[in-house]
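Q: Supplied structure: upload00.txt, compact mmCIF, C-alpha atoms.
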# COMPACT_ATOMS: atom_id res chain seq x y z
CA MET A 285 -2.35 0.61 -90.17
CA ILE A 286 -4.94 -1.81 -91.56
CA ARG A 287 -3.08 -1.96 -94.90
CA PHE A 288 0.15 -2.81 -93.09
CA ILE A 289 -1.54 -5.65 -91.22
CA PHE A 290 -3.06 -7.05 -94.41
CA VAL A 291 0.24 -6.85 -96.30
CA ALA A 292 2.12 -8.53 -93.42
CA LEU A 293 -0.55 -11.24 -93.18
CA PHE A 294 -0.49 -11.86 -96.92
CA LEU A 295 3.31 -12.17 -96.91
CA PHE A 296 3.24 -14.56 -93.97
CA LEU A 297 0.60 -16.77 -95.57
CA TYR A 298 2.39 -16.69 -98.92
CA LEU A 299 5.70 -17.81 -97.41
CA ILE A 300 4.12 -20.54 -95.26
CA LEU A 301 1.51 -21.86 -97.69
CA GLY A 302 3.98 -21.45 -100.52
CA ILE A 303 6.38 -24.07 -99.13
CA PRO A 304 4.78 -27.00 -101.02
CA VAL A 305 4.49 -24.79 -104.14
CA TYR A 306 8.18 -23.94 -103.83
CA LEU A 307 9.06 -27.63 -103.63
CA ILE A 308 6.89 -28.44 -106.67
CA LEU A 309 8.54 -25.65 -108.66
CA ARG A 310 11.97 -26.99 -107.72
CA LEU A 311 10.88 -30.36 -109.04
CA ILE A 312 9.65 -28.80 -112.30
CA CYS A 313 13.03 -27.07 -112.68
CA LYS A 314 14.82 -30.41 -112.56
CA ILE A 315 12.74 -31.50 -115.56
CA ASN A 316 12.63 -28.17 -117.41
CA LYS A 317 14.68 -25.37 -115.83
CA LYS A 318 13.35 -22.55 -117.98
CA ALA A 319 9.70 -23.56 -117.54
CA GLY A 320 10.16 -23.76 -113.77
CA ASP A 321 11.87 -20.38 -113.70
CA TYR A 322 9.06 -18.68 -115.63
CA ALA A 323 6.37 -20.32 -113.52
CA SER A 324 8.14 -18.97 -110.42
CA LEU A 325 8.52 -15.52 -111.96
CA ARG A 326 4.83 -15.22 -112.79
CA LEU A 327 3.75 -16.55 -109.38
CA VAL A 328 5.87 -14.03 -107.47
CA GLN A 329 4.77 -11.24 -109.82
CA TRP A 330 1.16 -12.12 -109.01
CA ALA A 331 1.94 -11.94 -105.29
CA PHE A 332 3.65 -8.56 -105.67
CA ARG A 333 0.68 -7.19 -107.64
CA VAL A 334 -1.61 -8.31 -104.81
CA ILE A 335 0.61 -6.46 -102.31
CA LEU A 336 0.48 -3.30 -104.44
CA LYS A 337 -3.31 -3.64 -104.64
CA ILE A 338 -3.67 -4.08 -100.88
CA SER A 339 -1.37 -1.09 -100.37
CA GLY A 340 -3.59 1.08 -102.55
CA THR A 341 -0.69 1.94 -104.85
CA GLU A 342 -1.65 3.63 -108.11
CA ILE A 343 1.05 3.22 -110.73
CA THR A 344 1.86 5.29 -113.81
CA VAL A 345 4.32 3.48 -116.08
CA ILE A 346 6.24 5.34 -118.78
CA GLY A 347 8.59 3.98 -121.44
CA GLU A 348 7.96 0.27 -120.95
CA GLU A 349 8.50 -0.14 -124.69
CA ASN A 350 12.17 0.75 -124.06
CA VAL A 351 12.77 -2.63 -122.37
CA PRO A 352 14.06 -5.06 -125.03
CA ASP A 353 13.13 -8.73 -125.05
CA GLU A 354 16.59 -9.79 -123.93
CA ALA A 355 18.68 -9.91 -120.78
CA VAL A 356 19.52 -6.39 -119.54
CA LEU A 357 20.92 -4.60 -116.53
CA PHE A 358 18.12 -2.64 -114.81
CA VAL A 359 19.48 0.31 -112.81
CA GLY A 360 17.21 2.24 -110.47
CA ASN A 361 17.10 4.77 -107.67
CA HIS A 362 16.20 3.28 -104.30
CA ARG A 363 14.02 4.90 -101.63
CA SER A 364 11.64 2.16 -100.54
CA TYR A 365 11.26 -1.58 -99.95
CA PHE A 366 8.40 -1.23 -102.42
CA ASP A 367 10.88 -0.41 -105.22
CA ILE A 368 11.51 -4.14 -105.53
CA VAL A 369 7.82 -5.03 -105.37
CA LEU A 370 7.01 -2.42 -108.01
CA SER A 371 9.82 -3.13 -110.46
CA TYR A 372 9.84 -6.93 -110.19
CA SER A 373 6.11 -7.12 -110.82
CA ARG A 374 6.76 -5.78 -114.34
CA CYS A 375 9.87 -7.74 -115.40
CA PRO A 376 9.19 -9.31 -118.82
CA ILE A 377 11.78 -12.08 -118.48
CA ARG A 378 13.62 -13.88 -115.68
CA THR A 379 15.32 -11.28 -113.49
CA GLY A 380 17.54 -11.51 -110.44
CA TYR A 381 18.23 -8.68 -108.00
CA ILE A 382 21.49 -7.92 -106.25
CA ALA A 383 20.58 -7.64 -102.58
CA LYS A 384 22.58 -6.90 -99.46
CA LYS A 385 24.02 -9.99 -97.75
CA GLU A 386 21.98 -9.32 -94.62
CA MET A 387 18.88 -10.54 -96.47
CA GLU A 388 20.23 -14.09 -96.25
CA ARG A 389 19.26 -14.10 -92.57
CA TYR A 390 15.57 -14.52 -93.32
CA PRO A 391 14.50 -18.14 -93.92
CA LEU A 392 11.95 -18.89 -96.66
CA LEU A 393 12.36 -15.38 -98.08
CA SER A 394 16.06 -15.95 -98.83
CA ASN A 395 15.20 -19.40 -100.29
CA TRP A 396 12.78 -17.79 -102.75
CA MET A 397 15.31 -15.06 -103.55
CA ARG A 398 18.07 -17.53 -104.41
CA TYR A 399 15.64 -19.57 -106.48
CA LEU A 400 14.67 -16.41 -108.40
CA HIS A 401 18.32 -15.75 -109.32
CA CYS A 402 18.92 -13.06 -106.70
CA LEU A 403 22.52 -12.57 -105.60
CA PHE A 404 23.70 -11.46 -102.17
CA LEU A 405 26.42 -8.81 -102.06
CA ASP A 406 28.78 -8.47 -99.10
CA ARG A 407 29.77 -4.82 -99.35
CA LYS A 408 32.53 -5.27 -96.75
CA ASP A 409 34.29 -8.10 -98.58
CA ILE A 410 35.85 -6.90 -101.86
CA LYS A 411 36.79 -10.43 -102.97
CA GLN A 412 33.29 -11.80 -102.43
CA GLY A 413 31.83 -8.66 -104.03
CA LEU A 414 33.85 -9.34 -107.17
CA LYS A 415 32.58 -12.94 -107.23
CA THR A 416 29.01 -11.62 -107.05
CA ILE A 417 29.63 -9.30 -110.02
CA LEU A 418 31.16 -12.16 -112.04
CA THR A 419 28.17 -14.37 -111.23
CA ALA A 420 25.83 -11.58 -112.37
CA ILE A 421 27.72 -11.36 -115.67
CA GLU A 422 27.20 -15.09 -116.19
CA LYS A 423 23.49 -14.69 -115.39
CA ILE A 424 23.19 -12.03 -118.10
CA LYS A 425 25.01 -14.21 -120.62
CA SER A 426 22.60 -17.07 -119.86
CA GLY A 427 19.57 -14.87 -120.62
CA ILE A 428 18.65 -13.66 -117.12
CA SER A 429 18.32 -9.92 -116.45
CA ILE A 430 19.88 -8.37 -113.35
CA CYS A 431 18.56 -5.40 -111.37
CA ILE A 432 20.77 -3.21 -109.21
CA PHE A 433 20.28 -0.18 -106.99
CA PRO A 434 23.76 1.38 -107.26
CA GLU A 435 23.24 3.90 -104.47
CA GLY A 436 24.17 0.89 -102.33
CA THR A 437 21.50 1.45 -99.71
CA ARG A 438 18.04 2.92 -99.38
CA ASN A 439 18.22 6.69 -99.88
CA LYS A 440 16.66 8.46 -96.88
CA ASN A 441 17.18 12.05 -98.07
CA LYS A 442 14.02 14.16 -97.88
CA ASP A 443 14.30 15.28 -101.48
CA GLU A 444 14.09 12.31 -103.85
CA LEU A 445 16.11 14.32 -106.39
CA GLU A 446 19.06 14.25 -103.97
CA LEU A 447 20.51 10.93 -105.12
CA LEU A 448 23.37 9.17 -103.37
CA PRO A 449 26.53 8.57 -105.47
CA PHE A 450 26.23 5.55 -107.76
CA HIS A 451 28.84 2.86 -107.13
CA GLU A 452 30.72 2.30 -110.39
CA GLY A 453 31.72 -1.33 -109.72
CA SER A 454 28.31 -2.86 -110.38
CA PHE A 455 28.26 -1.34 -113.88
CA LYS A 456 30.92 -3.85 -114.90
CA ILE A 457 27.99 -6.25 -115.29
CA ALA A 458 26.99 -4.32 -118.41
CA SER A 459 30.44 -3.41 -119.71
CA LYS A 460 31.74 -6.98 -119.44
CA SER A 461 28.58 -8.76 -120.69
CA GLY A 462 27.73 -6.27 -123.45
CA CYS A 463 24.09 -6.06 -122.34
CA ALA A 464 21.98 -2.91 -122.42
CA ILE A 465 21.54 -0.77 -119.31
CA ILE A 466 17.91 0.19 -118.68
CA PRO A 467 17.64 3.21 -116.35
CA MET A 468 14.61 3.11 -114.02
CA ALA A 469 13.31 6.21 -112.25
CA MET A 470 10.79 5.66 -109.45
CA ASN A 471 9.02 8.69 -108.04
CA ASN A 472 7.20 8.87 -104.69
CA THR A 473 7.73 5.25 -103.57
CA ALA A 474 8.85 6.28 -100.07
CA GLU A 475 5.36 7.72 -99.53
CA ILE A 476 3.90 4.22 -99.59
CA PHE A 477 5.56 3.18 -96.34
CA GLU A 478 8.90 4.69 -95.27
CA ALA A 479 7.68 8.29 -94.92
CA HIS A 480 5.22 7.29 -92.17
CA MET A 481 6.17 3.84 -90.85
CA PRO A 482 4.49 1.60 -89.79
CA LYS A 483 1.52 2.89 -91.77
CA ILE A 484 1.04 2.01 -95.42
CA LYS A 485 -0.83 4.73 -97.31
CA SER A 486 -2.57 4.85 -100.66
CA THR A 487 -0.04 6.50 -102.97
CA HIS A 488 0.46 7.41 -106.62
CA VAL A 489 3.90 6.45 -107.92
CA VAL A 490 5.60 6.82 -111.29
CA LEU A 491 7.93 4.26 -112.83
CA GLU A 492 9.78 5.29 -116.00
CA TYR A 493 12.10 3.14 -118.08
CA GLY A 494 14.70 5.11 -120.00
CA LYS A 495 16.06 4.23 -123.42
CA PRO A 496 18.63 1.39 -123.53
CA ILE A 497 22.23 2.43 -122.95
CA TYR A 498 24.78 0.38 -124.87
CA VAL A 499 28.20 0.88 -123.33
CA LYS A 500 30.18 0.45 -126.56
CA GLU A 501 28.20 3.30 -128.17
CA LEU A 502 29.28 5.80 -125.50
CA SER A 503 32.35 8.01 -125.55
CA LYS A 504 35.43 6.70 -123.74
CA GLU A 505 34.89 9.30 -121.02
CA ASP A 506 31.30 8.21 -120.39
CA GLN A 507 32.38 4.57 -120.40
CA LYS A 508 34.81 5.37 -117.59
CA HIS A 509 32.01 6.95 -115.54
CA LEU A 510 29.00 4.76 -116.33
CA GLY A 511 27.55 5.29 -112.87
CA THR A 512 27.53 9.07 -113.16
CA TYR A 513 26.25 8.90 -116.76
CA THR A 514 23.32 6.66 -115.77
CA GLN A 515 22.61 8.64 -112.61
CA ASN A 516 22.21 11.83 -114.64
CA ILE A 517 19.62 10.15 -116.87
CA ILE A 518 17.68 8.85 -113.86
CA TYR A 519 17.84 12.29 -112.23
CA GLU A 520 16.36 13.91 -115.35
CA MET A 521 13.47 11.42 -115.39
CA LEU A 522 12.81 11.91 -111.68
CA GLU A 523 12.77 15.68 -112.10
CA LYS A 524 10.48 15.48 -115.14
CA ASN A 525 7.98 13.14 -113.44
CA LYS A 526 7.84 14.82 -110.03
CA SER A 527 4.88 16.93 -111.14
CA LEU A 528 2.89 13.77 -112.00
CA VAL A 529 2.59 12.46 -108.41
How does the structure come out when it is put into C-alpha cells?

A:
Amino acid sequence: MIRFIFVALFLFLYLILGIPVYLILRLICKINKKAGDYASLRLVQWAFRVILKISGTEITVIGEENVPDEAVLFVGNHRSYFDIVLSYSRCPIRTGYIAKKEMERYPLLSNWMRYLHCLFLDRKDIKQGLKTILTAIEKIKSGISICIFPEGTRNKNKDELELLPFHEGSFKIASKSGCAIIPMAMNNTAEIFEAHMPKIKSTHVVLEYGKPIYVKELSKEDQKHLGTYTQNIIYEMLEKNKSLV
C-alpha cells in the first residue's frame, strides 16, 4: 500500500508542479516544434521511469534492436495501466497513443496526453473513430510513431495467453501509411497493480519487441487479417517469455 501512496503522490505533484513546465514547453514548441516535442517526451519518460522505480518493477527487455529509427505502429497486448508507463518510457522517438475517449475527462492529464500526440478514440462513434485513424496516419507520415492496444480494452482474463480478439480497423494506420508494425509482448504487468488492487507490488515483467512487419511484404491473405497475424506473433512471444517471470 505504501508504493501505491508514493506513486499517487508523485503523479499528483508532477501534474500540479508541472503546470509551469507544461506552459514553458508549449512556448518552446511555438519556436521549435520538434525540440519542444522531444523535451516533453524525455521529461515524461523520466517521470514514468520514476514511477516504475517506486513500484519496484524489474524489467527484462528483449528485441529492442528491432525498433527502427523511424515512425512505426507499435501494437501490444493490454493487461495493465502500467503497460503505457512501461512501453512509453522506452520510445526512441515521438510517440502518441490511441486512448479511449473517456480519458479526456481528466484535466491536466488529458492536456499532457494531447500535447504528446495522443489521440482519443470514441469506440461508439464509427465516423469519429475513422477520423481518429486518419489523424493517426497523418501523425505517422509526419514522423511520429503511434501505439495501439487492439484488444480495445484492458484484458482481465486470468491467463495472459488468453488474448481478446484484435480489432482490425486500427491496423489501417500501417496499411495506409506504409509504416512498419512493431509487435510488443508484455508479460506479467497485471501483477504490478491490477491483480491485487489497490496494492502495488514489486514485480518482474518482460517486454519483447518483435521484428518489424511490413504489410506489403505479406501475402494477400495475411494483409486481409493483419490483426490476427500480429496477434499470433504476440501470443508466441508471450508464451515463450512466460517462464522468465

Q: Quick check, in Å to one decimal: how far apart do CA of Ile465 in chain A and CA of Lys504 in chain A lie?

A: 16.4 Å

Q: List as JSON lines every residue of range 399-466 of chain A that is in contact with range 313-320 of chain A, defined as an atom at most 12 Å from one of its atoms (using all atoms listed in the file), together with the nearest atom pair and the distance in Å rounded to one decimal, sorted by chain and then rising number.

A:
{"residue": "A:Tyr399", "atom": "CA", "partner": "A:Gly320", "partner_atom": "CA", "distance": 10.0}
{"residue": "A:Leu400", "atom": "CA", "partner": "A:Gly320", "partner_atom": "CA", "distance": 10.2}
{"residue": "A:Ser426", "atom": "CA", "partner": "A:Lys318", "partner_atom": "CA", "distance": 10.9}
{"residue": "A:Gly427", "atom": "CA", "partner": "A:Lys318", "partner_atom": "CA", "distance": 10.2}
{"residue": "A:Ile428", "atom": "CA", "partner": "A:Lys318", "partner_atom": "CA", "distance": 10.4}

Q: Which residues come within 10 Å of Ala469 in chain A, counting all atoms listed in the file, excluding same-chain residues fewer than 4 positions away, as an MDAnalysis selection string?

A: chainID A and resid 346 359:362 367 490:494 515 517:523 525

Q: Between A:His509, A:His488, A:Lys526, A:Lys337, which residue has the minimum interatomic distance to Glu444 in chain A, considering all atoms listed in the file?

A: A:Lys526

Q: Is it possible to get the residues within 6 Å of (24.1, -14.7, -98.9) (coordinates as in the file, counting only C-alpha atoms) written as a PDB file with C-alpha atoms, in the coordinates of the input?

A:
ATOM      1  CA  LYS A 385      24.020  -9.990 -97.750  1.00  0.00           C
ATOM      2  CA  GLU A 388      20.230 -14.090 -96.250  1.00  0.00           C
ATOM      3  CA  PHE A 404      23.700 -11.460-102.170  1.00  0.00           C
TER       4      PHE A 404
END

Q: Which one of A:Thr512, A:Ser373, A:Thr473, A:Ser486 sits closest to Leu327 in chain A if you count only C-alpha atoms?

A: A:Ser373

Q: Would you work out the distance separating CA of Leu393 in chain A from CA of Ile421 in chain A, expressed in Å to one decimal?

A: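 If I compute the distance from CA of Leu393 in chain A to CA of Ile421 in chain A, I get 23.7 Å.
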
Q: Excluding same-chain residues fewer than 5 positions from Thr437 in chain A, what lies within 10 Å of it counting all atoms listed in the file, as a ChimeraX atom specification?

A: /A:361-364,383-384,448

Q: Enter the distance from CA of Glu505 in chain A to CA of Arg407 in chain A, in Å, rounded to one decimal.

A: 26.4 Å

Q: Taking all atoms listed in the file into account, name the residue in A:Val351, A:Cys431, A:Leu299, A:Ile476 that is nearest to Ile382 in chain A.

A: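 Using all atoms listed in the file, Ile382 in chain A sits closest to A:Cys431.
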
Q: Ranking A:Val529, A:Lys423, A:Leu325, A:Met470 by minimum distance to Tyr372 in chain A and counting all atoms listed in the file, which one comes first?

A: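 Among the listed residues, the smallest separation from Tyr372 in chain A belongs to A:Leu325.
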
Q: Between A:Phe433, A:Tyr390, A:Phe296, A:Phe477, which one has atoms that come closest to Ser371 in chain A, using all atoms listed in the file?

A: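 Answer, going by the shortest atom-to-atom distance: A:Phe433.
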
Q: So, counting all atoms listed in the file, which residue among A:Ser324, A:Thr341, A:Gln329, A:Asn395 is closest to Lys485 in chain A?

A: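 Selected residue with least distance to Lys485 in chain A: A:Thr341.
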
Q: Just want the 6 Å neighbourhood of Val489 in chain A, counted on all atoms listed in the file, with same-chain residues fewer than 6 positions away dropped. Output as number ranges by chain.

A: A: 343, 471-473

Q: How would range 294-306 of chain A look with N, CA, C and O atoms restored, written as an mmCIF file, in the coordinates of the input?

A:
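Heads up, here's the output in part09.cif:
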data_model
loop_
_atom_site.group_PDB
_atom_site.id
_atom_site.type_symbol
_atom_site.label_atom_id
_atom_site.label_comp_id
_atom_site.auth_asym_id
_atom_site.auth_seq_id
_atom_site.Cartn_x
_atom_site.Cartn_y
_atom_site.Cartn_z
ATOM 1 N N PHE A 294 -0.593 -11.238 -95.597
ATOM 2 C CA PHE A 294 -0.490 -11.860 -96.920
ATOM 3 C C PHE A 294 0.912 -12.446 -97.130
ATOM 4 O O PHE A 294 1.065 -13.573 -97.617
ATOM 5 N N LEU A 295 1.940 -11.690 -96.759
ATOM 6 C CA LEU A 295 3.310 -12.170 -96.910
ATOM 7 C C LEU A 295 3.558 -13.421 -96.080
ATOM 8 O O LEU A 295 4.179 -14.390 -96.549
ATOM 9 N N PHE A 296 3.069 -13.409 -94.852
ATOM 10 C CA PHE A 296 3.240 -14.560 -93.970
ATOM 11 C C PHE A 296 2.568 -15.799 -94.553
ATOM 12 O O PHE A 296 3.175 -16.875 -94.629
ATOM 13 N N LEU A 297 1.335 -15.641 -94.998
ATOM 14 C CA LEU A 297 0.600 -16.770 -95.570
ATOM 15 C C LEU A 297 1.259 -17.254 -96.861
ATOM 16 O O LEU A 297 1.329 -18.465 -97.111
ATOM 17 N N TYR A 298 1.742 -16.311 -97.668
ATOM 18 C CA TYR A 298 2.390 -16.690 -98.920
ATOM 19 C C TYR A 298 3.627 -17.539 -98.648
ATOM 20 O O TYR A 298 3.847 -18.581 -99.286
ATOM 21 N N LEU A 299 4.456 -17.094 -97.696
ATOM 22 C CA LEU A 299 5.700 -17.810 -97.410
ATOM 23 C C LEU A 299 5.435 -19.178 -96.791
ATOM 24 O O LEU A 299 6.120 -20.157 -97.111
ATOM 25 N N ILE A 300 4.419 -19.260 -95.918
ATOM 26 C CA ILE A 300 4.120 -20.540 -95.260
ATOM 27 C C ILE A 300 3.389 -21.485 -96.202
ATOM 28 O O ILE A 300 3.815 -22.628 -96.427
ATOM 29 N N LEU A 301 2.286 -21.011 -96.789
ATOM 30 C CA LEU A 301 1.510 -21.860 -97.690
ATOM 31 C C LEU A 301 2.247 -22.135 -98.990
ATOM 32 O O LEU A 301 1.924 -23.094 -99.705
ATOM 33 N N GLY A 302 3.227 -21.277 -99.284
ATOM 34 C CA GLY A 302 3.980 -21.450 -100.520
ATOM 35 C C GLY A 302 5.084 -22.488 -100.445
ATOM 36 O O GLY A 302 5.715 -22.785 -101.466
ATOM 37 N N ILE A 303 5.317 -23.070 -99.269
ATOM 38 C CA ILE A 303 6.380 -24.070 -99.130
ATOM 39 C C ILE A 303 6.167 -25.259 -100.071
ATOM 40 O O ILE A 303 7.080 -25.625 -100.816
ATOM 41 N N PRO A 304 4.975 -25.883 -100.073
ATOM 42 C CA PRO A 304 4.780 -27.000 -101.020
ATOM 43 C C PRO A 304 4.868 -26.548 -102.480
ATOM 44 O O PRO A 304 5.358 -27.288 -103.339
ATOM 45 N N VAL A 305 4.403 -25.322 -102.766
ATOM 46 C CA VAL A 305 4.490 -24.790 -104.140
ATOM 47 C C VAL A 305 5.954 -24.628 -104.524
ATOM 48 O O VAL A 305 6.360 -24.973 -105.644
ATOM 49 N N TYR A 306 6.742 -24.108 -103.592
ATOM 50 C CA TYR A 306 8.180 -23.940 -103.830
ATOM 51 C C TYR A 306 8.840 -25.277 -104.162
ATOM 52 O O TYR A 306 9.635 -25.384 -105.096
#
